[in-house]
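**Q** Got a structure for you, questions after.
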Amino acid sequence: MARLQLDFPDDQYYFSTQLTVRHTDINAANHLGNDSMVSMISEARAQFLAEFGVEEMDSSGAGIIVTDLATAYRAEAHARDHLLFEVGLMDFNRYGGDITFRVTRPRDATLVAMAKYGFVFFNYRTGAVTPMPAAFAAKFPRVNRIA
């Protein structure tokens, strides 16, 4: 069976934050559950966007919508582990791109997971995909562009 391989350029990380694995994040196998990892990734994404002044939805009704999520787990995390979420961007196109994540446990330098969100800008009022605002792209001049 093919395994998902996620590798991202180191120079595309723009933000990092630490989150702590809560006891309620632990599953029956006694490690961080998939659902909780997705929630933690979503929190890191929200903090990243807030840090760069990107509103969840602007006054015109445009915002970012997640189109897909891929996660590759490399190690277990347990209750009270502090995890470092590095957040980056890559593969901008006319409508969106990818938000990338590298999740490590600083205590022992263990890579816990790699993940990516595909995203597009979406106008919630009109219900349609909309081009990426120039002001958003300008905040991240190092991001590569694809067709």
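FYI, nothing fancy with the structure tokens labels: chains A, B, ... in order, residues from 1 per chain, ligands from 1 as they appear.
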I'd like the neighbourhood of stretch 92-96 of chain A as number ranges by chain, where a residue qualifies if any of its atoms comes within 9 Å (using only C-alpha atoms), though same-chain residues fewer than 4 positions away should be ignored.

**A** A: 64, 118-122, 129-133, 137, 143-147

**Q** Include N, CA and C atoms and write out the residues we just selected as an mmCIF file, in the first residue's frame.

**A**
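What landed in again.cif:
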```cif
data_model
loop_
_atom_site.group_PDB
_atom_site.id
_atom_site.type_symbol
_atom_site.label_atom_id
_atom_site.label_comp_id
_atom_site.auth_asym_id
_atom_site.auth_seq_id
_atom_site.Cartn_x
_atom_site.Cartn_y
_atom_site.Cartn_z
ATOM 1 N N ILE A 64 -11.207 32.356 3.785
ATOM 2 C CA ILE A 64 -10.501 31.152 3.360
ATOM 3 C C ILE A 64 -11.353 29.938 3.708
ATOM 4 N N GLY A 118 -5.089 22.294 1.771
ATOM 5 C CA GLY A 118 -5.341 23.035 0.555
ATOM 6 C C GLY A 118 -6.402 24.072 0.890
ATOM 7 N N PHE A 119 -6.296 25.268 0.325
ATOM 8 C CA PHE A 119 -7.291 26.304 0.601
ATOM 9 C C PHE A 119 -7.557 27.136 -0.638
ATOM 10 N N VAL A 120 -8.744 27.714 -0.662
ATOM 11 C CA VAL A 120 -9.096 28.713 -1.664
ATOM 12 C C VAL A 120 -9.800 29.857 -0.943
ATOM 13 N N PHE A 121 -9.804 30.984 -1.590
ATOM 14 C CA PHE A 121 -10.603 32.100 -1.091
ATOM 15 C C PHE A 121 -12.016 31.905 -1.609
ATOM 16 N N PHE A 122 -12.968 32.143 -0.723
ATOM 17 C CA PHE A 122 -14.358 31.839 -1.009
ATOM 18 C C PHE A 122 -15.208 32.983 -0.508
ATOM 19 N N VAL A 129 -16.051 30.586 -5.312
ATOM 20 C CA VAL A 129 -14.616 30.781 -5.175
ATOM 21 C C VAL A 129 -14.272 32.143 -5.757
ATOM 22 N N THR A 130 -13.317 32.818 -5.128
ATOM 23 C CA THR A 130 -12.930 34.160 -5.566
ATOM 24 C C THR A 130 -11.408 34.238 -5.638
ATOM 25 N N PRO A 131 -10.854 35.083 -6.505
ATOM 26 C CA PRO A 131 -9.395 35.177 -6.599
ATOM 27 C C PRO A 131 -8.744 35.594 -5.277
ATOM 28 N N MET A 132 -7.513 35.112 -5.085
ATOM 29 C CA MET A 132 -6.738 35.470 -3.904
ATOM 30 C C MET A 132 -6.533 36.980 -3.883
ATOM 31 N N PRO A 133 -6.852 37.643 -2.779
ATOM 32 C CA PRO A 133 -6.619 39.085 -2.693
ATOM 33 C C PRO A 133 -5.132 39.415 -2.818
ATOM 34 N N ALA A 137 -1.463 37.895 -0.851
ATOM 35 C CA ALA A 137 -0.250 37.420 -1.534
ATOM 36 C C ALA A 137 0.951 38.293 -1.198
ATOM 37 N N VAL A 143 6.578 32.903 -1.371
ATOM 38 C CA VAL A 143 5.809 31.710 -1.731
ATOM 39 C C VAL A 143 5.853 31.484 -3.233
ATOM 40 N N ASN A 144 6.118 30.226 -3.618
ATOM 41 C CA ASN A 144 6.136 29.885 -5.040
ATOM 42 C C ASN A 144 4.738 29.924 -5.626
ATOM 43 N N ARG A 145 4.686 30.090 -6.929
ATOM 44 C CA ARG A 145 3.410 30.094 -7.638
ATOM 45 C C ARG A 145 3.374 28.947 -8.621
ATOM 46 N N ILE A 146 2.181 28.340 -8.727
ATOM 47 C CA ILE A 146 1.968 27.315 -9.744
ATOM 48 C C ILE A 146 0.879 27.801 -10.675
ATOM 49 N N ALA A 147 0.633 27.111 -11.732
ATOM 50 C CA ALA A 147 -0.336 27.552 -12.748
ATOM 51 C C ALA A 147 -1.659 27.963 -12.200
#
```

**Q** Which polymer residues have any atom within 9 Å of an atom of A:His78, counting only C-alpha atoms, with same-chain residues fewer than 3 positions away left out, as a JSON list (two decimals) with all heavy atoms, in the first residue's frame?

**A**
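Below is the file that was written, selection06.json:
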```json
[["chain", "number", "residue", "atom", "x", "y", "z"],
["A", 21, "VAL", "N", -0.67, 19.03, 24.42],
["A", 21, "VAL", "CA", -1.63, 17.93, 24.29],
["A", 21, "VAL", "C", -2.36, 17.79, 25.62],
["A", 21, "VAL", "O", -1.73, 17.62, 26.67],
["A", 21, "VAL", "CB", -0.91, 16.62, 23.93],
["A", 21, "VAL", "CG1", -1.92, 15.47, 23.84],
["A", 21, "VAL", "CG2", -0.13, 16.76, 22.63],
["A", 22, "ARG", "N", -3.67, 17.90, 25.55],
["A", 22, "ARG", "CA", -4.49, 17.78, 26.76],
["A", 22, "ARG", "C", -4.85, 16.31, 27.01],
["A", 22, "ARG", "O", -4.81, 15.49, 26.09],
["A", 22, "ARG", "CB", -5.79, 18.58, 26.59],
["A", 22, "ARG", "CG", -5.56, 20.05, 26.25],
["A", 22, "ARG", "CD", -6.83, 20.72, 25.81],
["A", 22, "ARG", "NE", -7.42, 19.97, 24.69],
["A", 22, "ARG", "CZ", -8.62, 20.19, 24.20],
["A", 22, "ARG", "NH1", -9.40, 21.13, 24.71],
["A", 22, "ARG", "NH2", -9.09, 19.48, 23.19],
["A", 23, "HIS", "N", -5.21, 16.01, 28.22],
["A", 23, "HIS", "CA", -5.64, 14.65, 28.54],
["A", 23, "HIS", "C", -6.83, 14.25, 27.67],
["A", 23, "HIS", "O", -6.93, 13.09, 27.24],
["A", 23, "HIS", "CB", -6.00, 14.55, 30.04],
["A", 23, "HIS", "CG", -6.51, 13.22, 30.43],
["A", 23, "HIS", "ND1", -5.70, 12.10, 30.52],
["A", 23, "HIS", "CD2", -7.77, 12.80, 30.71],
["A", 23, "HIS", "CE1", -6.43, 11.07, 30.86],
["A", 23, "HIS", "NE2", -7.69, 11.46, 30.99],
["A", 25, "ASP", "N", -7.31, 14.94, 24.68],
["A", 25, "ASP", "CA", -6.86, 14.71, 23.30],
["A", 25, "ASP", "C", -6.39, 13.28, 23.08],
["A", 25, "ASP", "O", -6.07, 12.90, 21.95],
["A", 25, "ASP", "CB", -5.72, 15.66, 22.94],
["A", 25, "ASP", "CG", -6.13, 17.12, 22.93],
["A", 25, "ASP", "OD1", -7.28, 17.41, 22.53],
["A", 25, "ASP", "OD2", -5.30, 17.97, 23.31],
["A", 26, "ILE", "N", -6.32, 12.50, 24.14],
["A", 26, "ILE", "CA", -5.77, 11.15, 24.08],
["A", 26, "ILE", "C", -6.86, 10.15, 23.70],
["A", 26, "ILE", "O", -7.98, 10.21, 24.21],
["A", 26, "ILE", "CB", -5.13, 10.78, 25.44],
["A", 26, "ILE", "CG1", -4.03, 11.78, 25.80],
["A", 26, "ILE", "CG2", -4.61, 9.34, 25.45],
["A", 26, "ILE", "CD1", -2.95, 11.93, 24.74],
["A", 30, "ASN", "N", -3.94, 5.45, 23.98],
["A", 30, "ASN", "CA", -3.13, 6.25, 24.91],
["A", 30, "ASN", "C", -2.15, 7.20, 24.21],
["A", 30, "ASN", "O", -1.05, 7.45, 24.71],
["A", 30, "ASN", "CB", -2.40, 5.36, 25.92],
["A", 30, "ASN", "CG", -2.01, 6.14, 27.15],
["A", 30, "ASN", "OD1", -2.70, 7.07, 27.55],
["A", 30, "ASN", "ND2", -0.88, 5.79, 27.75],
["A", 31, "HIS", "N", -2.53, 7.68, 23.02],
["A", 31, "HIS", "CA", -1.74, 8.73, 22.37],
["A", 31, "HIS", "C", -2.68, 9.74, 21.71],
["A", 31, "HIS", "O", -3.89, 9.54, 21.68],
["A", 31, "HIS", "CB", -0.73, 8.15, 21.36],
["A", 31, "HIS", "CG", -1.34, 7.40, 20.23],
["A", 31, "HIS", "ND1", -1.34, 6.03, 20.18],
["A", 31, "HIS", "CD2", -1.98, 7.80, 19.13],
["A", 31, "HIS", "CE1", -1.94, 5.63, 19.08],
["A", 31, "HIS", "NE2", -2.34, 6.70, 18.43],
["A", 32, "LEU", "N", -2.12, 10.82, 21.22],
["A", 32, "LEU", "CA", -2.88, 11.90, 20.59],
["A", 32, "LEU", "C", -3.74, 11.33, 19.46],
["A", 32, "LEU", "O", -3.22, 10.70, 18.53],
["A", 32, "LEU", "CB", -1.92, 12.96, 20.05],
["A", 32, "LEU", "CG", -2.52, 14.14, 19.30],
["A", 32, "LEU", "CD1", -3.45, 14.95, 20.19],
["A", 32, "LEU", "CD2", -1.40, 15.04, 18.76],
["A", 81, "ASP", "N", 2.43, 16.60, 26.46],
["A", 81, "ASP", "CA", 3.53, 16.93, 25.55],
["A", 81, "ASP", "C", 3.30, 18.33, 24.99],
["A", 81, "ASP", "O", 2.18, 18.69, 24.63],
["A", 81, "ASP", "CB", 3.57, 15.95, 24.36],
["A", 81, "ASP", "CG", 4.28, 14.65, 24.65],
["A", 81, "ASP", "OD1", 4.91, 14.53, 25.73],
["A", 81, "ASP", "OD2", 4.20, 13.74, 23.80]]
```

**Q** Just the residues within 12 Å of stretch 36-43 of chain A, please, counting only C-alpha atoms, with nothing from its chain fewer than 3 positions along; format it as a VMD selection string.

**A** chain A and resid 16 to 27 31 to 33 46 to 50 65 to 66 68 to 73 76 to 79 82 to 88 99 to 103 112 to 117

**Q** What gap, in Å, lies between atom CA of A:Leu6 and atom CA of A:Pro141?

**A**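 For atom CA of A:Leu6 relative to atom CA of A:Pro141, the distance reads 22.6 Å.
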
**Q** State, in Å with one decimal place, the distance from atom CA of A:Pro106 to atom CA of A:Leu4.

**A** 23.9 Å

**Q** What are the DSSP strand (DSSP E) residues of stretch 50-146 of chain A, as a PDB file with N, CA and C atoms, in the first residue's frame?

**A**
```pdb
ATOM      1  N   ALA A  62     -15.632  37.604   1.889  1.00  0.00           N
ATOM      2  CA  ALA A  62     -14.595  36.674   1.420  1.00  0.00           C
ATOM      3  C   ALA A  62     -13.768  36.163   2.594  1.00  0.00           C
ATOM      4  N   GLY A  63     -13.425  34.896   2.510  1.00  0.00           N
ATOM      5  CA  GLY A  63     -12.581  34.275   3.522  1.00  0.00           C
ATOM      6  C   GLY A  63     -11.905  33.057   2.933  1.00  0.00           C
ATOM      7  N   ILE A  64     -11.207  32.356   3.785  1.00  0.00           N
ATOM      8  CA  ILE A  64     -10.501  31.152   3.360  1.00  0.00           C
ATOM      9  C   ILE A  64     -11.353  29.938   3.708  1.00  0.00           C
ATOM     10  N   ILE A  65     -11.426  29.005   2.768  1.00  0.00           N
ATOM     11  CA  ILE A  65     -12.106  27.739   3.020  1.00  0.00           C
ATOM     12  C   ILE A  65     -11.114  26.611   2.733  1.00  0.00           C
ATOM     13  N   VAL A  66     -11.104  25.607   3.592  1.00  0.00           N
ATOM     14  CA  VAL A  66     -10.211  24.463   3.434  1.00  0.00           C
ATOM     15  C   VAL A  66     -10.808  23.521   2.393  1.00  0.00           C
ATOM     16  N   THR A  67      -9.973  23.109   1.430  1.00  0.00           N
ATOM     17  CA  THR A  67     -10.440  22.208   0.376  1.00  0.00           C
ATOM     18  C   THR A  67     -10.005  20.771   0.609  1.00  0.00           C
ATOM     19  N   ASP A  68      -8.895  20.579   1.294  1.00  0.00           N
ATOM     20  CA  ASP A  68      -8.436  19.227   1.599  1.00  0.00           C
ATOM     21  C   ASP A  68      -7.424  19.294   2.735  1.00  0.00           C
ATOM     22  N   LEU A  69      -7.212  18.159   3.367  1.00  0.00           N
ATOM     23  CA  LEU A  69      -6.250  18.038   4.450  1.00  0.00           C
ATOM     24  C   LEU A  69      -5.545  16.708   4.307  1.00  0.00           C
ATOM     25  N   ALA A  70      -4.224  16.740   4.335  1.00  0.00           N
ATOM     26  CA  ALA A  70      -3.416  15.518   4.339  1.00  0.00           C
ATOM     27  C   ALA A  70      -2.509  15.571   5.556  1.00  0.00           C
ATOM     28  N   THR A  71      -2.424  14.461   6.272  1.00  0.00           N
ATOM     29  CA  THR A  71      -1.584  14.386   7.459  1.00  0.00           C
ATOM     30  C   THR A  71      -0.794  13.093   7.432  1.00  0.00           C
ATOM     31  N   ALA A  72       0.505  13.191   7.663  1.00  0.00           N
ATOM     32  CA  ALA A  72       1.375  12.019   7.763  1.00  0.00           C
ATOM     33  C   ALA A  72       1.944  11.996   9.174  1.00  0.00           C
ATOM     34  N   TYR A  73       1.590  10.970   9.919  1.00  0.00           N
ATOM     35  CA  TYR A  73       2.058  10.843  11.299  1.00  0.00           C
ATOM     36  C   TYR A  73       3.406  10.138  11.316  1.00  0.00           C
ATOM     37  N   HIS A  82       4.362  19.094  24.931  1.00  0.00           N
ATOM     38  CA  HIS A  82       4.327  20.397  24.268  1.00  0.00           C
ATOM     39  C   HIS A  82       4.755  20.159  22.829  1.00  0.00           C
ATOM     40  N   LEU A  83       3.928  20.587  21.887  1.00  0.00           N
ATOM     41  CA  LEU A  83       4.214  20.397  20.475  1.00  0.00           C
ATOM     42  C   LEU A  83       4.424  21.744  19.799  1.00  0.00           C
ATOM     43  N   LEU A  84       5.431  21.806  18.951  1.00  0.00           N
ATOM     44  CA  LEU A  84       5.719  23.002  18.167  1.00  0.00           C
ATOM     45  C   LEU A  84       5.096  22.835  16.790  1.00  0.00           C
ATOM     46  N   PHE A  85       4.216  23.754  16.429  1.00  0.00           N
ATOM     47  CA  PHE A  85       3.571  23.775  15.126  1.00  0.00           C
ATOM     48  C   PHE A  85       4.205  24.887  14.303  1.00  0.00           C
ATOM     49  N   GLU A  86       4.950  24.505  13.272  1.00  0.00           N
ATOM     50  CA  GLU A  86       5.500  25.485  12.330  1.00  0.00           C
ATOM     51  C   GLU A  86       4.541  25.537  11.148  1.00  0.00           C
ATOM     52  N   VAL A  87       4.177  26.751  10.758  1.00  0.00           N
ATOM     53  CA  VAL A  87       3.149  26.937   9.734  1.00  0.00           C
ATOM     54  C   VAL A  87       3.768  27.680   8.549  1.00  0.00           C
ATOM     55  N   GLY A  88       3.529  27.145   7.368  1.00  0.00           N
ATOM     56  CA  GLY A  88       4.078  27.757   6.167  1.00  0.00           C
ATOM     57  C   GLY A  88       3.063  27.799   5.043  1.00  0.00           C
ATOM     58  N   LEU A  89       3.521  28.305   3.914  1.00  0.00           N
ATOM     59  CA  LEU A  89       2.689  28.416   2.719  1.00  0.00           C
ATOM     60  C   LEU A  89       3.479  27.968   1.508  1.00  0.00           C
ATOM     61  N   MET A  90       2.782  27.422   0.526  1.00  0.00           N
ATOM     62  CA  MET A  90       3.432  27.079  -0.740  1.00  0.00           C
ATOM     63  C   MET A  90       2.369  26.909  -1.825  1.00  0.00           C
ATOM     64  N   GLY A  96      -5.885  30.250  -4.410  1.00  0.00           N
ATOM     65  CA  GLY A  96      -5.469  29.785  -3.093  1.00  0.00           C
ATOM     66  C   GLY A  96      -4.094  29.176  -3.102  1.00  0.00           C
ATOM     67  N   GLY A  97      -3.935  28.092  -2.363  1.00  0.00           N
ATOM     68  CA  GLY A  97      -2.642  27.427  -2.258  1.00  0.00           C
ATOM     69  C   GLY A  97      -2.678  26.385  -1.160  1.00  0.00           C
ATOM     70  N   ASP A  98      -1.521  26.145  -0.554  1.00  0.00           N
ATOM     71  CA  ASP A  98      -1.397  25.175   0.527  1.00  0.00           C
ATOM     72  C   ASP A  98      -0.852  25.842   1.774  1.00  0.00           C
ATOM     73  N   ILE A  99      -1.427  25.520   2.922  1.00  0.00           N
ATOM     74  CA  ILE A  99      -0.881  25.879   4.220  1.00  0.00           C
ATOM     75  C   ILE A  99      -0.243  24.601   4.751  1.00  0.00           C
ATOM     76  N   THR A 100       1.035  24.689   5.114  1.00  0.00           N
ATOM     77  CA  THR A 100       1.778  23.510   5.530  1.00  0.00           C
ATOM     78  C   THR A 100       2.103  23.561   7.020  1.00  0.00           C
ATOM     79  N   PHE A 101       2.292  22.383   7.584  1.00  0.00           N
ATOM     80  CA  PHE A 101       2.555  22.261   9.018  1.00  0.00           C
ATOM     81  C   PHE A 101       3.639  21.222   9.259  1.00  0.00           C
ATOM     82  N   ARG A 102       4.582  21.582  10.117  1.00  0.00           N
ATOM     83  CA  ARG A 102       5.548  20.624  10.648  1.00  0.00           C
ATOM     84  C   ARG A 102       5.337  20.623  12.154  1.00  0.00           C
ATOM     85  N   VAL A 103       5.032  19.452  12.716  1.00  0.00           N
ATOM     86  CA  VAL A 103       4.727  19.338  14.133  1.00  0.00           C
ATOM     87  C   VAL A 103       5.841  18.526  14.794  1.00  0.00           C
ATOM     88  N   THR A 104       6.524  19.149  15.743  1.00  0.00           N
ATOM     89  CA  THR A 104       7.613  18.480  16.440  1.00  0.00           C
ATOM     90  C   THR A 104       7.418  18.575  17.946  1.00  0.00           C
ATOM     91  N   ARG A 105       8.094  17.682  18.649  1.00  0.00           N
ATOM     92  CA  ARG A 105       8.124  17.734  20.107  1.00  0.00           C
ATOM     93  C   ARG A 105       9.510  18.255  20.474  1.00  0.00           C
ATOM     94  N   THR A 110      11.651  15.296  18.278  1.00  0.00           N
ATOM     95  CA  THR A 110      10.960  14.277  17.494  1.00  0.00           C
ATOM     96  C   THR A 110       9.967  14.910  16.535  1.00  0.00           C
ATOM     97  N   LEU A 111      10.024  14.499  15.279  1.00  0.00           N
ATOM     98  CA  LEU A 111       9.026  14.902  14.298  1.00  0.00           C
ATOM     99  C   LEU A 111       7.776  14.063  14.545  1.00  0.00           C
ATOM    100  N   VAL A 112       6.684  14.709  14.887  1.00  0.00           N
ATOM    101  CA  VAL A 112       5.431  14.022  15.204  1.00  0.00           C
ATOM    102  C   VAL A 112       4.546  13.891  13.963  1.00  0.00           C
ATOM    103  N   ALA A 113       4.446  14.954  13.154  1.00  0.00           N
ATOM    104  CA  ALA A 113       3.579  14.899  11.977  1.00  0.00           C
ATOM    105  C   ALA A 113       3.947  15.991  10.985  1.00  0.00           C
ATOM    106  N   MET A 114       3.585  15.741   9.752  1.00  0.00           N
ATOM    107  CA  MET A 114       3.611  16.736   8.687  1.00  0.00           C
ATOM    108  C   MET A 114       2.191  16.787   8.145  1.00  0.00           C
ATOM    109  N   ALA A 115       1.734  17.995   7.782  1.00  0.00           N
ATOM    110  CA  ALA A 115       0.369  18.110   7.274  1.00  0.00           C
ATOM    111  C   ALA A 115       0.275  19.275   6.298  1.00  0.00           C
ATOM    112  N   LYS A 116      -0.762  19.264   5.504  1.00  0.00           N
ATOM    113  CA  LYS A 116      -1.047  20.392   4.616  1.00  0.00           C
ATOM    114  C   LYS A 116      -2.546  20.538   4.440  1.00  0.00           C
ATOM    115  N   TYR A 117      -2.952  21.792   4.405  1.00  0.00           N
ATOM    116  CA  TYR A 117      -4.325  22.169   4.068  1.00  0.00           C
ATOM    117  C   TYR A 117      -4.281  22.774   2.673  1.00  0.00           C
ATOM    118  N   GLY A 118      -5.089  22.294   1.771  1.00  0.00           N
ATOM    119  CA  GLY A 118      -5.341  23.035   0.555  1.00  0.00           C
ATOM    120  C   GLY A 118      -6.402  24.072   0.890  1.00  0.00           C
ATOM    121  N   PHE A 119      -6.296  25.268   0.325  1.00  0.00           N
ATOM    122  CA  PHE A 119      -7.291  26.304   0.601  1.00  0.00           C
ATOM    123  C   PHE A 119      -7.557  27.136  -0.638  1.00  0.00           C
ATOM    124  N   VAL A 120      -8.744  27.714  -0.662  1.00  0.00           N
ATOM    125  CA  VAL A 120      -9.096  28.713  -1.664  1.00  0.00           C
ATOM    126  C   VAL A 120      -9.800  29.857  -0.943  1.00  0.00           C
ATOM    127  N   PHE A 121      -9.804  30.984  -1.590  1.00  0.00           N
ATOM    128  CA  PHE A 121     -10.603  32.100  -1.091  1.00  0.00           C
ATOM    129  C   PHE A 121     -12.016  31.905  -1.609  1.00  0.00           C
ATOM    130  N   PHE A 122     -12.968  32.143  -0.723  1.00  0.00           N
ATOM    131  CA  PHE A 122     -14.358  31.839  -1.009  1.00  0.00           C
ATOM    132  C   PHE A 122     -15.208  32.983  -0.508  1.00  0.00           C
ATOM    133  N   ASN A 123     -16.153  33.430  -1.343  1.00  0.00           N
ATOM    134  CA  ASN A 123     -17.061  34.478  -0.917  1.00  0.00           C
ATOM    135  C   ASN A 123     -18.307  33.807  -0.359  1.00  0.00           C
ATOM    136  N   ALA A 128     -19.279  31.463  -3.941  1.00  0.00           N
ATOM    137  CA  ALA A 128     -18.382  31.143  -5.048  1.00  0.00           C
ATOM    138  C   ALA A 128     -16.925  31.368  -4.663  1.00  0.00           C
ATOM    139  N   VAL A 129     -16.051  30.586  -5.312  1.00  0.00           N
ATOM    140  CA  VAL A 129     -14.616  30.781  -5.175  1.00  0.00           C
ATOM    141  C   VAL A 129     -14.272  32.143  -5.757  1.00  0.00           C
TER     142      VAL A 129
END
```

**Q** Quote the spacing between atom CA of A:Glu56 and atom CA of A:Asn34 in Å to one decimal place.

**A** 24.1 Å

**Q** With only C-alpha atoms as the atoms that count, which of A:Gly61, A:Val54, A:Arg107, A:Ala29 lies nearest to A:Phe140?

**A**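 Between A:Gly61, A:Val54, A:Arg107, A:Ala29, the residue approaching A:Phe140 most closely is A:Val54.
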